[in-house]
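Participant: Mind looking over this structure? Questions follow.
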Amino acid sequence: MSEPDGGPGQGRPPYHYPQWRPPVPPKQTSPAAVVLIAGSAGVVVLMVLAFLAWGYPGFLRELNGQAEVAPGHRPTAPATVVTPPPTGPSTPVTLPGGRAPMPKRAKPLADPVTCAFTPDSVSPAPKKAALPPDGPAPSTGTAEVRVATTAGDLGLTLDRALAPCTVVNFLSLAKQGFYDGTSCHRLSVTPGFQMLQCGDPVGDGTGGPGYTIRDEVFPELTYGRGVVAMAKTSAPDSGGSQFFLVFGEIGIPPEYTVFGSIDDPGLATLDRVARGGIDQSKPGIGDGSGPPKTPVTLTHVTS
């Protein structure tokens, strides 16, 4: 019988097998350990569900954990808003160029209309603003606004025929300096949801001016590149100070008040911010949007 490789016939000491020991029976898991493991798994499941409940599909972020609405102040049931998959930092941003046609009302509003603004004691308002004046407001004409930001100026044309009371609100906040020093906290560059959301004094999508404004929507509302609209929660008439600037494609229902358009230099500024992408080092929302890598802070708004 031949020796195995490495045996004594090759000048090496003989191989000694390890001493045999009786097998040790497996340890039984105690009932307490089973309860502990099951409880830990339940905690993990609850944490995941809590995260999904907190992540908002819309623009305004509500304090009770309900979904905000679309682009950031997150919003009855959450509004149906596109929630695209996260965009990786290396994914190139595709923008349509040009500009979309502005929406028009099939039937003009009465001129004037009557505006009313409602105090809001729920949303955080670290820069609480005075309510705009209630009463009549013209529903014809436009107002030119210059929004100076750290990323470049944005020229806006506010259209009273689309949303007269929303225009009154924006001009009132601008005159009070409410927007000065506030940041644009939410950028989305995913095709089908391309916008920058601004106007939150808190900076996380939960803040407002201390009051709410009525929605000024109509069935013919459309959204596209060059449009500026109010953010809100899924609840009606829940807008305040937050607004979003559309620089590309956006698929949202006609539930967000469009009140103006963005000029070409402003769109060029937004394009640069969009191509800079989302800052992945900062907390996002879970729908692919988050703080822009190119910071955008509103320094002053003039009309």
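Chain identifiers are assigned as A, B, and so on, following the order in which chains appear in the structure tokens; residues are numbered from 1 within each chain, and ligands are numbered from 1 in order of appearance.
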As a PyMOL selection string, please: all residues of range 75-172 of chain A that backbone DSSP puts in strand (DSSP E or B).
Facilitator: chain A and resi 113-115+117-119+135-137+142-149+154-159
Participant: Write a file of the just-selected residues containing C-alpha atoms, as a PDB file, in the first residue's frame.
Facilitator:
```
ATOM      1  CA  VAL A 113     -61.603  89.255  -8.399  1.00  0.00           C
ATOM      2  CA  THR A 114     -61.807  89.109  -4.612  1.00  0.00           C
ATOM      3  CA  CYS A 115     -58.776  87.726  -2.785  1.00  0.00           C
ATOM      4  CA  PHE A 117     -55.787  84.900   2.741  1.00  0.00           C
ATOM      5  CA  THR A 118     -56.067  82.532   5.727  1.00  0.00           C
ATOM      6  CA  PRO A 119     -53.761  82.538   8.788  1.00  0.00           C
ATOM      7  CA  GLY A 135     -60.226  92.433  -1.290  1.00  0.00           C
ATOM      8  CA  PRO A 136     -60.356  93.215  -4.994  1.00  0.00           C
ATOM      9  CA  ALA A 137     -57.416  92.499  -7.296  1.00  0.00           C
ATOM     10  CA  THR A 142     -48.565  91.390 -15.917  1.00  0.00           C
ATOM     11  CA  ALA A 143     -45.844  92.286 -13.406  1.00  0.00           C
ATOM     12  CA  GLU A 144     -42.120  91.961 -14.088  1.00  0.00           C
ATOM     13  CA  VAL A 145     -40.010  90.589 -11.243  1.00  0.00           C
ATOM     14  CA  ARG A 146     -36.261  90.151 -10.916  1.00  0.00           C
ATOM     15  CA  VAL A 147     -35.109  87.372  -8.584  1.00  0.00           C
ATOM     16  CA  ALA A 148     -31.426  87.734  -7.727  1.00  0.00           C
ATOM     17  CA  THR A 149     -29.805  84.455  -6.640  1.00  0.00           C
ATOM     18  CA  LEU A 154     -34.105  84.904 -12.801  1.00  0.00           C
ATOM     19  CA  GLY A 155     -36.530  87.165 -14.624  1.00  0.00           C
ATOM     20  CA  LEU A 156     -40.189  86.336 -13.989  1.00  0.00           C
ATOM     21  CA  THR A 157     -43.301  87.672 -15.694  1.00  0.00           C
ATOM     22  CA  LEU A 158     -46.252  87.280 -13.350  1.00  0.00           C
ATOM     23  CA  ASP A 159     -49.589  86.893 -15.169  1.00  0.00           C
TER      24      ASP A 159
END
```
Participant: Please list as a CSV table (one decimal) with all heavy atoms, in the first residue's frame every residue within 9 Å of range 123-125 of chain A, counting only C-alpha atoms and excluding residues in the same chain fewer than 3 positions away.
Facilitator:
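Generated file (selection_6.csv):
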```
chain,number,residue,atom,x,y,z
A,62,GLU,N,-45.6,68.0,4.9
A,62,GLU,CA,-46.5,68.2,6.0
A,62,GLU,C,-45.8,67.8,7.3
A,62,GLU,O,-45.1,66.8,7.3
A,62,GLU,CB,-47.8,67.5,5.8
A,62,GLU,CG,-48.6,68.1,4.6
A,62,GLU,CD,-49.9,67.4,4.4
A,62,GLU,OE1,-50.0,66.3,4.9
A,62,GLU,OE2,-50.7,68.0,3.6
A,63,LEU,N,-46.2,68.5,8.4
A,63,LEU,CA,-45.6,68.1,9.7
A,63,LEU,C,-46.1,66.8,10.2
A,63,LEU,O,-45.4,66.2,11.0
A,63,LEU,CB,-45.9,69.3,10.7
A,63,LEU,CG,-45.3,70.6,10.3
A,63,LEU,CD1,-45.7,71.7,11.3
A,63,LEU,CD2,-43.8,70.6,10.1
A,120,ASP,N,-52.3,80.6,9.1
A,120,ASP,CA,-52.0,79.2,9.3
A,120,ASP,C,-51.0,79.1,10.5
A,120,ASP,O,-49.9,79.6,10.5
A,120,ASP,CB,-51.2,78.7,8.0
A,120,ASP,CG,-50.7,77.3,8.2
A,120,ASP,OD1,-51.2,76.6,9.1
A,120,ASP,OD2,-49.9,76.8,7.4
A,128,LYS,N,-42.2,84.9,9.6
A,128,LYS,CA,-43.6,85.1,9.5
A,128,LYS,C,-43.9,86.5,8.8
A,128,LYS,O,-43.3,87.5,9.2
A,128,LYS,CB,-44.3,85.1,10.8
A,128,LYS,CG,-45.8,85.1,10.7
A,128,LYS,CD,-46.5,84.8,12.1
A,128,LYS,CE,-48.0,84.7,11.9
A,128,LYS,NZ,-48.6,84.4,13.3
A,129,ALA,N,-44.7,86.4,7.8
A,129,ALA,CA,-45.0,87.6,7.0
A,129,ALA,C,-46.4,88.2,7.3
A,129,ALA,O,-47.3,87.4,7.7
A,129,ALA,CB,-44.9,87.3,5.5
A,200,ASP,N,-39.0,78.4,0.7
A,200,ASP,CA,-39.2,77.9,2.1
A,200,ASP,C,-38.3,78.5,3.1
A,200,ASP,O,-37.1,78.3,3.0
A,200,ASP,CB,-39.0,76.4,2.1
A,200,ASP,CG,-39.2,75.8,3.5
A,200,ASP,OD1,-39.8,76.4,4.4
A,200,ASP,OD2,-38.8,74.6,3.7
A,201,PRO,N,-38.8,79.3,4.1
A,201,PRO,CA,-37.9,79.9,5.0
A,201,PRO,C,-37.2,78.9,6.0
A,201,PRO,O,-36.2,79.2,6.6
A,201,PRO,CB,-38.8,80.8,5.8
A,201,PRO,CG,-40.2,80.2,5.7
A,201,PRO,CD,-40.2,79.6,4.3
A,202,VAL,N,-37.8,77.7,6.1
A,202,VAL,CA,-37.2,76.6,6.9
A,202,VAL,C,-36.0,75.9,6.1
A,202,VAL,O,-35.0,75.6,6.7
A,202,VAL,CB,-38.2,75.6,7.3
A,202,VAL,CG1,-37.6,74.5,8.2
A,202,VAL,CG2,-39.3,76.3,8.2
A,206,THR,N,-41.0,72.3,4.7
A,206,THR,CA,-42.1,72.4,5.6
A,206,THR,C,-42.6,73.8,6.0
A,206,THR,O,-43.6,74.0,6.6
A,206,THR,CB,-41.8,71.7,7.0
A,206,THR,OG1,-40.7,72.4,7.6
A,206,THR,CG2,-41.3,70.3,6.7
A,207,GLY,N,-41.8,74.8,5.6
A,207,GLY,CA,-42.1,76.1,6.0
A,207,GLY,C,-43.0,76.9,5.2
A,207,GLY,O,-43.3,76.6,4.0
A,208,GLY,N,-43.5,78.0,5.7
A,208,GLY,CA,-44.4,78.9,5.0
A,208,GLY,C,-44.4,80.3,5.6
A,208,GLY,O,-43.6,80.6,6.5
A,209,PRO,N,-45.3,81.2,5.1
A,209,PRO,CA,-45.3,82.6,5.6
A,209,PRO,C,-46.2,82.8,6.8
A,209,PRO,O,-46.3,83.9,7.3
A,209,PRO,CB,-45.8,83.4,4.4
A,209,PRO,CG,-46.7,82.4,3.8
A,209,PRO,CD,-46.1,81.0,4.0
A,210,GLY,N,-46.8,81.8,7.3
A,210,GLY,CA,-47.8,81.9,8.4
A,210,GLY,C,-49.2,82.1,8.0
A,210,GLY,O,-50.1,82.3,8.8
A,211,TYR,N,-49.5,81.9,6.7
A,211,TYR,CA,-50.8,81.9,6.2
A,211,TYR,C,-50.9,81.0,4.9
A,211,TYR,O,-49.8,80.6,4.4
A,211,TYR,CB,-51.3,83.3,5.9
A,211,TYR,CG,-50.5,84.0,4.8
A,211,TYR,CD1,-50.7,83.9,3.5
A,211,TYR,CD2,-49.4,84.9,5.2
A,211,TYR,CE1,-50.0,84.6,2.5
A,211,TYR,CE2,-48.6,85.5,4.2
A,211,TYR,CZ,-48.9,85.4,2.9
A,211,TYR,OH,-48.2,86.0,1.9
```
Participant: Neighbours of Arg160 in chain A within 9 Å (only C-alpha atoms; same-chain residues fewer than 2 positions away dropped), as number ranges by chain?
Facilitator: A: 137-143, 158, 162-168, 259-260
Participant: Using N, CA, C and O atoms, can you export the residues from the last selection as a PDB file, in the first residue's frame?
Facilitator:
```
ATOM      1  N   ALA A 137     -58.719  92.515  -6.623  1.00  0.00           N
ATOM      2  CA  ALA A 137     -57.416  92.499  -7.296  1.00  0.00           C
ATOM      3  C   ALA A 137     -57.669  92.384  -8.793  1.00  0.00           C
ATOM      4  O   ALA A 137     -58.577  91.666  -9.224  1.00  0.00           O
ATOM      5  N   PRO A 138     -56.893  93.082  -9.614  1.00  0.00           N
ATOM      6  CA  PRO A 138     -57.100  93.017 -11.067  1.00  0.00           C
ATOM      7  C   PRO A 138     -56.752  91.634 -11.614  1.00  0.00           C
ATOM      8  O   PRO A 138     -55.853  90.968 -11.108  1.00  0.00           O
ATOM      9  N   SER A 139     -57.466  91.203 -12.631  1.00  0.00           N
ATOM     10  CA  SER A 139     -57.187  89.917 -13.278  1.00  0.00           C
ATOM     11  C   SER A 139     -56.698  90.111 -14.712  1.00  0.00           C
ATOM     12  O   SER A 139     -56.801  89.196 -15.534  1.00  0.00           O
ATOM     13  N   THR A 140     -56.138  91.272 -14.968  1.00  0.00           N
ATOM     14  CA  THR A 140     -55.521  91.540 -16.273  1.00  0.00           C
ATOM     15  C   THR A 140     -54.160  92.172 -16.057  1.00  0.00           C
ATOM     16  O   THR A 140     -53.890  92.768 -15.006  1.00  0.00           O
ATOM     17  N   GLY A 141     -53.296  92.045 -17.052  1.00  0.00           N
ATOM     18  CA  GLY A 141     -51.975  92.650 -16.981  1.00  0.00           C
ATOM     19  C   GLY A 141     -50.934  91.724 -16.378  1.00  0.00           C
ATOM     20  O   GLY A 141     -51.247  90.636 -15.890  1.00  0.00           O
ATOM     21  N   THR A 142     -49.692  92.168 -16.429  1.00  0.00           N
ATOM     22  CA  THR A 142     -48.565  91.390 -15.917  1.00  0.00           C
ATOM     23  C   THR A 142     -47.694  92.247 -15.003  1.00  0.00           C
ATOM     24  O   THR A 142     -47.821  93.475 -14.980  1.00  0.00           O
ATOM     25  N   ALA A 143     -46.811  91.603 -14.266  1.00  0.00           N
ATOM     26  CA  ALA A 143     -45.844  92.286 -13.406  1.00  0.00           C
ATOM     27  C   ALA A 143     -44.485  91.638 -13.620  1.00  0.00           C
ATOM     28  O   ALA A 143     -44.362  90.410 -13.569  1.00  0.00           O
ATOM     29  N   LEU A 158     -45.096  87.775 -14.081  1.00  0.00           N
ATOM     30  CA  LEU A 158     -46.252  87.280 -13.350  1.00  0.00           C
ATOM     31  C   LEU A 158     -47.521  87.672 -14.109  1.00  0.00           C
ATOM     32  O   LEU A 158     -47.693  88.828 -14.489  1.00  0.00           O
ATOM     33  N   LEU A 162     -53.877  84.599 -15.201  1.00  0.00           N
ATOM     34  CA  LEU A 162     -53.818  83.207 -14.777  1.00  0.00           C
ATOM     35  C   LEU A 162     -54.158  83.051 -13.302  1.00  0.00           C
ATOM     36  O   LEU A 162     -54.910  82.146 -12.925  1.00  0.00           O
ATOM     37  N   ALA A 163     -53.596  83.903 -12.455  1.00  0.00           N
ATOM     38  CA  ALA A 163     -53.729  83.726 -11.005  1.00  0.00           C
ATOM     39  C   ALA A 163     -53.568  85.075 -10.301  1.00  0.00           C
ATOM     40  O   ALA A 163     -52.514  85.358  -9.728  1.00  0.00           O
ATOM     41  N   PRO A 164     -54.590  85.913 -10.325  1.00  0.00           N
ATOM     42  CA  PRO A 164     -54.444  87.276  -9.772  1.00  0.00           C
ATOM     43  C   PRO A 164     -54.095  87.313  -8.292  1.00  0.00           C
ATOM     44  O   PRO A 164     -53.252  88.121  -7.873  1.00  0.00           O
ATOM     45  N   CYS A 165     -54.713  86.464  -7.476  1.00  0.00           N
ATOM     46  CA  CYS A 165     -54.438  86.504  -6.037  1.00  0.00           C
ATOM     47  C   CYS A 165     -53.062  85.937  -5.712  1.00  0.00           C
ATOM     48  O   CYS A 165     -52.407  86.376  -4.760  1.00  0.00           O
ATOM     49  N   THR A 166     -52.624  84.956  -6.488  1.00  0.00           N
ATOM     50  CA  THR A 166     -51.275  84.415  -6.303  1.00  0.00           C
ATOM     51  C   THR A 166     -50.228  85.476  -6.637  1.00  0.00           C
ATOM     52  O   THR A 166     -49.189  85.566  -5.961  1.00  0.00           O
ATOM     53  N   VAL A 167     -50.495  86.272  -7.651  1.00  0.00           N
ATOM     54  CA  VAL A 167     -49.586  87.373  -7.995  1.00  0.00           C
ATOM     55  C   VAL A 167     -49.545  88.386  -6.852  1.00  0.00           C
ATOM     56  O   VAL A 167     -48.471  88.858  -6.459  1.00  0.00           O
ATOM     57  N   VAL A 168     -50.714  88.726  -6.295  1.00  0.00           N
ATOM     58  CA  VAL A 168     -50.754  89.639  -5.147  1.00  0.00           C
ATOM     59  C   VAL A 168     -49.903  89.081  -4.010  1.00  0.00           C
ATOM     60  O   VAL A 168     -49.128  89.802  -3.370  1.00  0.00           O
ATOM     61  N   PHE A 259     -48.570  80.876 -12.186  1.00  0.00           N
ATOM     62  CA  PHE A 259     -48.781  82.314 -12.064  1.00  0.00           C
ATOM     63  C   PHE A 259     -47.749  83.143 -12.827  1.00  0.00           C
ATOM     64  O   PHE A 259     -47.711  84.367 -12.677  1.00  0.00           O
ATOM     65  N   GLY A 260     -46.948  82.511 -13.668  1.00  0.00           N
ATOM     66  CA  GLY A 260     -45.996  83.295 -14.438  1.00  0.00           C
ATOM     67  C   GLY A 260     -45.054  82.450 -15.255  1.00  0.00           C
ATOM     68  O   GLY A 260     -45.170  81.215 -15.315  1.00  0.00           O
TER      69      GLY A 260
END
```
Participant: Using Å and a single decimal, report how far CA of Leu60 in chain A sits from CA of Lys282 in chain A.
Facilitator: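 About the pair CA of Lys282 in chain A and CA of Leu60 in chain A: they are 18.4 Å apart.
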Participant: Which residues in range 144-240 of chain A does DSSP call alpha helix (DSSP H)? List them as a list in words.
Facilitator: Pro164, Cys165, Thr166, Val167, Val168, Asn169, Phe170, Leu171, Ser172, Leu173, Ala174 and Lys175 of chain A
Participant: Since we have the selection now, will you write its residues out, keeping C-alpha atoms, as a PDB file, in the first residue's frame?
Facilitator:
```pdb
ATOM      1  CA  PRO A 164     -54.444  87.276  -9.772  1.00  0.00           C
ATOM      2  CA  CYS A 165     -54.438  86.504  -6.037  1.00  0.00           C
ATOM      3  CA  THR A 166     -51.275  84.415  -6.303  1.00  0.00           C
ATOM      4  CA  VAL A 167     -49.586  87.373  -7.995  1.00  0.00           C
ATOM      5  CA  VAL A 168     -50.754  89.639  -5.147  1.00  0.00           C
ATOM      6  CA  ASN A 169     -49.269  87.160  -2.661  1.00  0.00           C
ATOM      7  CA  PHE A 170     -45.891  86.852  -4.408  1.00  0.00           C
ATOM      8  CA  LEU A 171     -45.495  90.625  -4.790  1.00  0.00           C
ATOM      9  CA  SER A 172     -46.433  91.147  -1.120  1.00  0.00           C
ATOM     10  CA  LEU A 173     -43.821  88.639   0.072  1.00  0.00           C
ATOM     11  CA  ALA A 174     -41.187  90.153  -2.218  1.00  0.00           C
ATOM     12  CA  LYS A 175     -41.925  93.663  -0.939  1.00  0.00           C
TER      13      LYS A 175
END
```
Participant: Fewer than 3 positions away in the same chain doesn't count, so skip those; otherwise give me all residues within 12 Å of Thr294 in chain A, counting only C-alpha atoms, as a list in words.
Facilitator: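 Near neighbours after the sequence-gap exclusion: Thr149, Thr150, Ala151, Gly152, Ser183, Cys184, His185, Arg186, Leu187, Leu196, Thr269, Leu270, Asp271, Arg272, Val273, Ala274, Arg275, Gly276, Gly277, Ile278, Asp279, Gln280, Gly290, Pro291 and Thr297 of chain A.
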Participant: Could you write those residues out with N, CA and C atoms, as an mmCIF file, in the first residue's frame?
Facilitator:
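Now in result_21.cif:
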```cif
data_model
loop_
_atom_site.group_PDB
_atom_site.id
_atom_site.type_symbol
_atom_site.label_atom_id
_atom_site.label_comp_id
_atom_site.auth_asym_id
_atom_site.auth_seq_id
_atom_site.Cartn_x
_atom_site.Cartn_y
_atom_site.Cartn_z
ATOM 1 N N THR A 149 -30.220 85.638 -7.393
ATOM 2 C CA THR A 149 -29.805 84.455 -6.640
ATOM 3 C C THR A 149 -28.291 84.301 -6.718
ATOM 4 N N THR A 150 -27.762 83.447 -5.879
ATOM 5 C CA THR A 150 -26.323 83.194 -5.875
ATOM 6 C C THR A 150 -25.865 82.447 -7.119
ATOM 7 N N ALA A 151 -26.812 81.875 -7.869
ATOM 8 C CA ALA A 151 -26.460 81.132 -9.083
ATOM 9 C C ALA A 151 -26.686 81.949 -10.348
ATOM 10 N N GLY A 152 -27.323 83.112 -10.220
ATOM 11 C CA GLY A 152 -27.646 83.941 -11.381
ATOM 12 C C GLY A 152 -29.054 84.485 -11.257
ATOM 13 N N SER A 183 -33.274 79.550 0.642
ATOM 14 C CA SER A 183 -32.603 78.685 -0.321
ATOM 15 C C SER A 183 -33.609 77.885 -1.128
ATOM 16 N N CYS A 184 -33.184 77.463 -2.312
ATOM 17 C CA CYS A 184 -33.971 76.537 -3.123
ATOM 18 C C CYS A 184 -33.560 75.134 -2.686
ATOM 19 N N HIS A 185 -34.427 74.457 -1.977
ATOM 20 C CA HIS A 185 -34.051 73.249 -1.243
ATOM 21 C C HIS A 185 -34.245 71.959 -2.019
ATOM 22 N N ARG A 186 -34.947 72.004 -3.150
ATOM 23 C CA ARG A 186 -35.286 70.742 -3.822
ATOM 24 C C ARG A 186 -35.116 70.838 -5.335
ATOM 25 N N LEU A 187 -34.240 70.023 -5.849
ATOM 26 C CA LEU A 187 -33.999 69.934 -7.295
ATOM 27 C C LEU A 187 -34.348 68.530 -7.761
ATOM 28 N N LEU A 196 -37.015 73.103 -9.990
ATOM 29 C CA LEU A 196 -36.304 73.575 -8.803
ATOM 30 C C LEU A 196 -37.335 74.240 -7.903
ATOM 31 N N THR A 269 -29.805 79.914 -16.394
ATOM 32 C CA THR A 269 -29.318 79.732 -15.025
ATOM 33 C C THR A 269 -29.813 78.419 -14.443
ATOM 34 N N LEU A 270 -31.086 78.128 -14.634
ATOM 35 C CA LEU A 270 -31.650 76.876 -14.126
ATOM 36 C C LEU A 270 -31.007 75.665 -14.792
ATOM 37 N N ASP A 271 -30.703 75.783 -16.086
ATOM 38 C CA ASP A 271 -30.040 74.675 -16.791
ATOM 39 C C ASP A 271 -28.683 74.369 -16.164
ATOM 40 N N ARG A 272 -27.921 75.414 -15.826
ATOM 41 C CA ARG A 272 -26.604 75.203 -15.203
ATOM 42 C C ARG A 272 -26.763 74.501 -13.855
ATOM 43 N N VAL A 273 -27.756 74.939 -13.085
ATOM 44 C CA VAL A 273 -28.000 74.298 -11.788
ATOM 45 C C VAL A 273 -28.403 72.839 -11.986
ATOM 46 N N ALA A 274 -29.262 72.594 -12.974
ATOM 47 C CA ALA A 274 -29.722 71.228 -13.236
ATOM 48 C C ALA A 274 -28.571 70.327 -13.639
ATOM 49 N N ARG A 275 -27.718 70.814 -14.510
ATOM 50 C CA ARG A 275 -26.592 69.993 -14.976
ATOM 51 C C ARG A 275 -25.578 69.746 -13.870
ATOM 52 N N GLY A 276 -25.578 70.614 -12.860
ATOM 53 C CA GLY A 276 -24.720 70.373 -11.702
ATOM 54 C C GLY A 276 -25.175 69.186 -10.886
ATOM 55 N N GLY A 277 -26.452 68.846 -10.997
ATOM 56 C CA GLY A 277 -26.974 67.651 -10.338
ATOM 57 C C GLY A 277 -27.378 67.876 -8.894
ATOM 58 N N ILE A 278 -27.744 66.786 -8.269
ATOM 59 C CA ILE A 278 -28.215 66.787 -6.888
ATOM 60 C C ILE A 278 -27.057 66.457 -5.951
ATOM 61 N N ASP A 279 -27.010 67.140 -4.826
ATOM 62 C CA ASP A 279 -25.961 66.903 -3.837
ATOM 63 C C ASP A 279 -26.284 65.613 -3.081
ATOM 64 N N GLN A 280 -25.625 64.527 -3.466
ATOM 65 C CA GLN A 280 -25.899 63.225 -2.870
ATOM 66 C C GLN A 280 -25.392 63.117 -1.431
ATOM 67 N N GLY A 290 -33.570 66.300 -4.417
ATOM 68 C CA GLY A 290 -32.797 66.659 -3.239
ATOM 69 C C GLY A 290 -32.165 68.025 -3.422
ATOM 70 N N PRO A 291 -31.344 68.457 -2.483
ATOM 71 C CA PRO A 291 -30.704 69.765 -2.595
ATOM 72 C C PRO A 291 -29.792 69.828 -3.821
ATOM 73 N N THR A 297 -29.415 80.393 -3.510
ATOM 74 C CA THR A 297 -30.015 81.183 -2.436
ATOM 75 C C THR A 297 -30.583 82.470 -3.038
#
```
Participant: Could you make a table, as a tab-separated table, of the residues of range 248-289 of chain A that have an atom within 9 Å of an atom of range 222-243 of chain A, each with its nearest atom pair and distance in Å to one decimal, counting only C-alpha atoms, in chain and number order?
Facilitator:
```
residue	atom	partner	partner_atom	distance
A:Gly248	CA	A:Arg225	CA	4.6
A:Glu249	CA	A:Gly224	CA	5.7
A:Ile250	CA	A:Gly224	CA	6.1
A:Gly251	CA	A:Tyr223	CA	7.6
A:Ile252	CA	A:Tyr223	CA	7.6
A:Pro253	CA	A:Thr222	CA	8.3
A:Pro254	CA	A:Thr222	CA	6.6
A:Glu255	CA	A:Pro236	CA	8.4
A:Tyr256	CA	A:Met230	CA	5.8
A:Thr257	CA	A:Met230	CA	5.3
A:Val258	CA	A:Ala229	CA	4.1
A:Phe259	CA	A:Ala229	CA	5.7
A:Gly260	CA	A:Val228	CA	5.3
A:Ser261	CA	A:Val227	CA	4.6
A:Ile262	CA	A:Gly226	CA	5.0
A:Asp263	CA	A:Gly226	CA	7.2
A:Asp264	CA	A:Gly226	CA	8.2
A:Gly266	CA	A:Gly226	CA	8.8
A:Leu267	CA	A:Gly226	CA	6.8
```
Participant: Could you save the residues just selected, with C-alpha atoms, as a short mmCIF file (atom, residue, chain, number, x, y, z; two decimals), in the first residue's frame?
Facilitator:
```cif
data_model
loop_
_atom_site.label_atom_id
_atom_site.label_comp_id
_atom_site.auth_asym_id
_atom_site.auth_seq_id
_atom_site.Cartn_x
_atom_site.Cartn_y
_atom_site.Cartn_z
CA GLY A 248 -37.74 70.66 -18.40
CA GLU A 249 -40.43 68.00 -18.57
CA ILE A 250 -42.85 67.63 -15.71
CA GLY A 251 -45.84 65.30 -15.45
CA ILE A 252 -48.17 66.54 -12.72
CA PRO A 253 -51.96 66.97 -12.56
CA PRO A 254 -53.57 70.44 -12.96
CA GLU A 255 -53.62 71.07 -9.21
CA TYR A 256 -50.78 73.59 -8.90
CA THR A 257 -51.38 77.26 -9.60
CA VAL A 258 -49.38 78.60 -12.55
CA PHE A 259 -48.78 82.31 -12.06
CA GLY A 260 -46.00 83.30 -14.44
CA SER A 261 -43.13 82.47 -16.76
CA ILE A 262 -39.31 82.49 -16.62
CA ASP A 263 -37.19 84.49 -19.06
CA ASP A 264 -34.49 82.94 -21.26
CA GLY A 266 -33.31 82.62 -16.09
CA LEU A 267 -33.78 79.30 -17.87
#
```
Participant: From the options A:Ala100, A:Cys198, A:Leu95, A:Ala268, which residue's atoms come nearest to Val296 in chain A, counting only C-alpha atoms?
Facilitator: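 Of A:Ala100, A:Cys198, A:Leu95, A:Ala268, the one nearest Val296 in chain A, counting only C-alpha atoms, is A:Cys198.
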